[in-house]
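All remarks here apply to the structure that follows.
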Amino acid sequence: MDIPFKGTFVDIKGKQINTYHKVHPTNPNCILFIHGLGGQIAQFEYQLSYFTNHASVLALDLVGHGASPNTNNYKDFEFDSLIDDICDFIAVYEQQHPKFMLVGHSYGSALSFQLSKRITMEKVVGNVLIAPPATFPALKFIYYIPTFILDFFRWLEKLGGIESNSVMRMFAPNPSIELKTRQLQFNKTTPTLVAKHMIMGFPRLTEENFQSNFPTILIGGKYDKITPLQKDFDVFAKWASIDESKATILPAGHMIMIEKKEEVNDLIFKFAKKYSIL
């Protein structure tokens with residue numbers, strides 16, 4: 001699929017944010033996709049190609065990710081700063097789109113959920129959270145390890161190419177060669193320093209962070225090793241008061257929207273239809 005994931009930039013307080021935006025000819029309502037740590041627009045390739053036929057779509061590379069340049073300012077990667085950026089990003093397009101629905105993956109789920117608390121329900125009507133994190137701060141010790149040492153360990157993890165641990169831990173058992181090849185490419189795009197800043201900027205979440213009246217559904221992976229069901233997904237669902245009828249577990253790893261693209265697209269479609277985005 002030929003989607004121009006690089007080349008359209010929006011200035012957000014001096015940061016150049018790479019953007020994918022396509023306006024539907026008859027449906028101005030918009031689905032906004034937000035990736036996670038180490039992610040990029042291309043991880044939503046299957047969702048973007050599908051939903052451009054049904055609604056307007058919008059996605060961004062967070063600062064330092066994908067084609068968006070790194071600012072080398074650690075404050076730009078703080079959780080609240082990222083939410084501010086996305087709020088400003090939505091403001092650029094809000095005149096074109098009467099309603100938004102948010103779809104977040106991993107770290108992007110936490111951003112999306114907190115973002116919905118800053119914006120009125122007249123503008124954002126719901127959240128789809130894929131592989132949401134709840135216990136991410138456990139990784140903060142990584143920030144204090146020198147970057148060159150982390151670079152060495154990342155190099156070790158990539159040994160074996162598409163069969164390396166850095167690739168295989170993202171999927172359910174026995175992923176296809178295509179999936180593994182794509183993930184290896186994704187793994188190469190995020191600088192270690194950006195990952196460190198993102199980890200350090202993630203807040204220590206508590207149940208109080210998850211009070212929201214926004215319609216929300218969760219999509220989790222049975223084999224997810226990054227945000228495991230018991231450690232993250234179930235905690236997130238409990239804190240956000242999301243009952244089982246609004247939580248779907250698919251036989252996938254962390255990259256659910258790529259491994260089970262048809263099932264994820266169907267869940268997003270039904271949710272968007274229910275809240276009049278489609």
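Convention: chains lettered A, B, ... in structure tokens order; per-chain residue numbering from 1; ligands numbered from 1 as shown.
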- Message: According to DSSP computed on the backbone, where in segment 78-220 of chain A is there strand (DSSP E or B)? Give the residues as a ChimeraX atom specification.
- Response: /A:100-105,124-130,216-220
- Query: If you count only C-alpha atoms, which residues fall within 10 Å of segment 48-50 of chain A, apart from same-chain ones fewer than 5 positions away, as a ChimeraX atom specification?
  - Reply: /A:1-3,20-22,31-33,41-43,55-59,261-262,265-266,269
- Length of the atom CA of Glu259 of chain A to atom CA of Lys180 of chain A vector [Å]: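 Value for the atom CA of Glu259 of chain A-atom CA of Lys180 of chain A distance: 10.4 Å.
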- Task: Point out the residue among A:Asp224, A:Glu122, A:Asp88, A:Asp151 with the least atom-to-atom distance to Met168 of chain A, counting only C-alpha atoms.
- Result: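 The answer is A:Asp224, which sits nearest to Met168 of chain A.
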- Message: Need the shell around Val194 of chain A: protein/DNA/RNA residues with any atom at most 8 Å away, counting only C-alpha atoms. Skip same-chain ones fewer than 6 positions apart. Format as a list in words?
- Response: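 Answer for this query is Gly64, His65, Asn70 and Phe77 of chain A.
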- Near-segment 98-109 of chain A list (8 Å; only C-alpha atoms; drop same-chain fewer than 3 positions) as a ChimeraX atom specification: /A:28-37,94-95,112-113,122-133,227,272,277
- Pick from A:Phe141, A:Leu278, A:Ala195, A:Ala110: nearest to His24 of chain A, with only C-alpha atoms counted?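 Selected residue with least distance to His24 of chain A: A:Leu278.
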- Task: Tell me which protein, DNA and RNA residues are within 8 Å of Ala247 of chain A, counting only C-alpha atoms, leaving out same-chain ones fewer than 5 positions away, and put them as a ChimeraX atom specification.
- Result: /A:217-220,237,242
Could you write those residues out with all heavy atoms, as a PDB file, in the first residue's frame?
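Everything below was put into part_34.pdb:
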```pdb
ATOM      1  N   ILE A 217     -13.434   1.482  24.731  1.00  0.00           N
ATOM      2  CA  ILE A 217     -13.274   0.036  24.633  1.00  0.00           C
ATOM      3  C   ILE A 217     -11.781  -0.291  24.670  1.00  0.00           C
ATOM      4  O   ILE A 217     -10.946   0.532  24.283  1.00  0.00           O
ATOM      5  CB  ILE A 217     -13.908  -0.565  23.360  1.00  0.00           C
ATOM      6  CG1 ILE A 217     -13.280   0.027  22.085  1.00  0.00           C
ATOM      7  CG2 ILE A 217     -15.420  -0.362  23.373  1.00  0.00           C
ATOM      8  CD1 ILE A 217     -13.712  -0.691  20.809  1.00  0.00           C
ATOM      9  N   LEU A 218     -11.461  -1.484  25.152  1.00  0.00           N
ATOM     10  CA  LEU A 218     -10.083  -1.958  25.228  1.00  0.00           C
ATOM     11  C   LEU A 218      -9.897  -3.165  24.314  1.00  0.00           C
ATOM     12  O   LEU A 218     -10.791  -3.998  24.186  1.00  0.00           O
ATOM     13  CB  LEU A 218      -9.724  -2.369  26.657  1.00  0.00           C
ATOM     14  CG  LEU A 218      -9.877  -1.354  27.782  1.00  0.00           C
ATOM     15  CD1 LEU A 218      -9.356  -1.952  29.081  1.00  0.00           C
ATOM     16  CD2 LEU A 218      -9.164  -0.061  27.465  1.00  0.00           C
ATOM     17  N   ILE A 219      -8.730  -3.242  23.697  1.00  0.00           N
ATOM     18  CA  ILE A 219      -8.352  -4.400  22.890  1.00  0.00           C
ATOM     19  C   ILE A 219      -6.999  -4.880  23.387  1.00  0.00           C
ATOM     20  O   ILE A 219      -6.020  -4.126  23.375  1.00  0.00           O
ATOM     21  CB  ILE A 219      -8.277  -4.051  21.395  1.00  0.00           C
ATOM     22  CG1 ILE A 219      -9.606  -3.456  20.905  1.00  0.00           C
ATOM     23  CG2 ILE A 219      -7.919  -5.295  20.575  1.00  0.00           C
ATOM     24  CD1 ILE A 219      -9.554  -2.940  19.471  1.00  0.00           C
ATOM     25  N   GLY A 220      -6.937  -6.124  23.853  1.00  0.00           N
ATOM     26  CA  GLY A 220      -5.700  -6.666  24.404  1.00  0.00           C
ATOM     27  C   GLY A 220      -5.239  -7.905  23.660  1.00  0.00           C
ATOM     28  O   GLY A 220      -6.022  -8.562  22.970  1.00  0.00           O
ATOM     29  N   ALA A 237      -8.276  -1.853  32.878  1.00  0.00           N
ATOM     30  CA  ALA A 237      -9.723  -2.041  32.784  1.00  0.00           C
ATOM     31  C   ALA A 237     -10.402  -1.794  34.134  1.00  0.00           C
ATOM     32  O   ALA A 237     -11.454  -1.157  34.215  1.00  0.00           O
ATOM     33  CB  ALA A 237     -10.033  -3.445  32.287  1.00  0.00           C
ATOM     34  N   ILE A 242     -13.992  -0.339  33.191  1.00  0.00           N
ATOM     35  CA  ILE A 242     -14.435  -0.874  31.908  1.00  0.00           C
ATOM     36  C   ILE A 242     -14.787  -2.340  32.091  1.00  0.00           C
ATOM     37  O   ILE A 242     -13.931  -3.157  32.433  1.00  0.00           O
ATOM     38  CB  ILE A 242     -13.330  -0.704  30.842  1.00  0.00           C
ATOM     39  CG1 ILE A 242     -13.074   0.792  30.619  1.00  0.00           C
ATOM     40  CG2 ILE A 242     -13.720  -1.384  29.538  1.00  0.00           C
ATOM     41  CD1 ILE A 242     -11.903   1.094  29.727  1.00  0.00           C
TER      42      ILE A 242
END
```
- For Phe148 of chain A, the nearest of the candidates A:Ser116, A:Gln185, A:Thr192, A:Ser212, counting only C-alpha atoms: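 Closest to Phe148 of chain A of all the choices is A:Thr192.
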- Message: Let's see if you can do this: from backbone DSSP, list all helix (DSSP H, G or I) residues in segment 209-239 of chain A, as a list of chain:residue names.
- Response: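 Matching residues for helix (DSSP H, G or I) in segment 209-239 of chain A are A:Asn209, A:Phe210, A:Leu229, A:Gln230, A:Lys231, A:Asp232, A:Phe233, A:Asp234, A:Val235, A:Phe236, A:Ala237, A:Lys238, A:Trp239.
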- Message: With distances taken over only C-alpha atoms, which residue among A:Ile256, A:Leu156, A:Leu205, A:Ile149 lies nearest Phe79 of chain A?
- Response: A:Leu205
- Task: For Gly161 of chain A, work out the shell of residues within 9 Å, counting only C-alpha atoms and skipping chain neighbours fewer than 6 positions away, then give it as a PyMOL selection string.
- Result: chain A and resi 167+180-181+184
- Query: Leaving out Lys225 of chain A and any residue of its chain fewer than 3 positions from it, which residues lie within 8 Å of it when counting only C-alpha atoms, given as a PyMOL selection string?
  - Reply: chain A and resi 169-170+228+253-254
Write the selection just made, keeping C-alpha atoms, as a PDB file, in the first residue's frame?
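So the final result, stored in selection.pdb, reads:
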```pdb
ATOM      1  CA  ARG A 169       8.676 -10.615  21.906  1.00  0.00           C
ATOM      2  CA  MET A 170       6.278  -8.300  20.070  1.00  0.00           C
ATOM      3  CA  PRO A 228       0.678  -8.242  29.734  1.00  0.00           C
ATOM      4  CA  GLY A 253       1.041 -10.200  20.987  1.00  0.00           C
ATOM      5  CA  HIS A 254       1.686  -6.495  21.489  1.00  0.00           C
TER       6      HIS A 254
END
```
- Message: I need the residue nearest Ile145 of chain A from this list: A:Lys196, A:Lys222, A:Lys231, A:Lys158. Use only C-alpha atoms for the distance.
- Response: A:Lys196
- Task: Would you mind reading off the distance between atom CA of Cys87 of chain A and atom CA of Gln114 of chain A, one decimal, in Å?
- Result: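 Going from atom CA of Cys87 of chain A over to atom CA of Gln114 of chain A, I get 10.9 Å.
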- One decimal place gives the atom CA of Gln47 of chain A-atom CA of Met257 of chain A separation as 7.6 Å
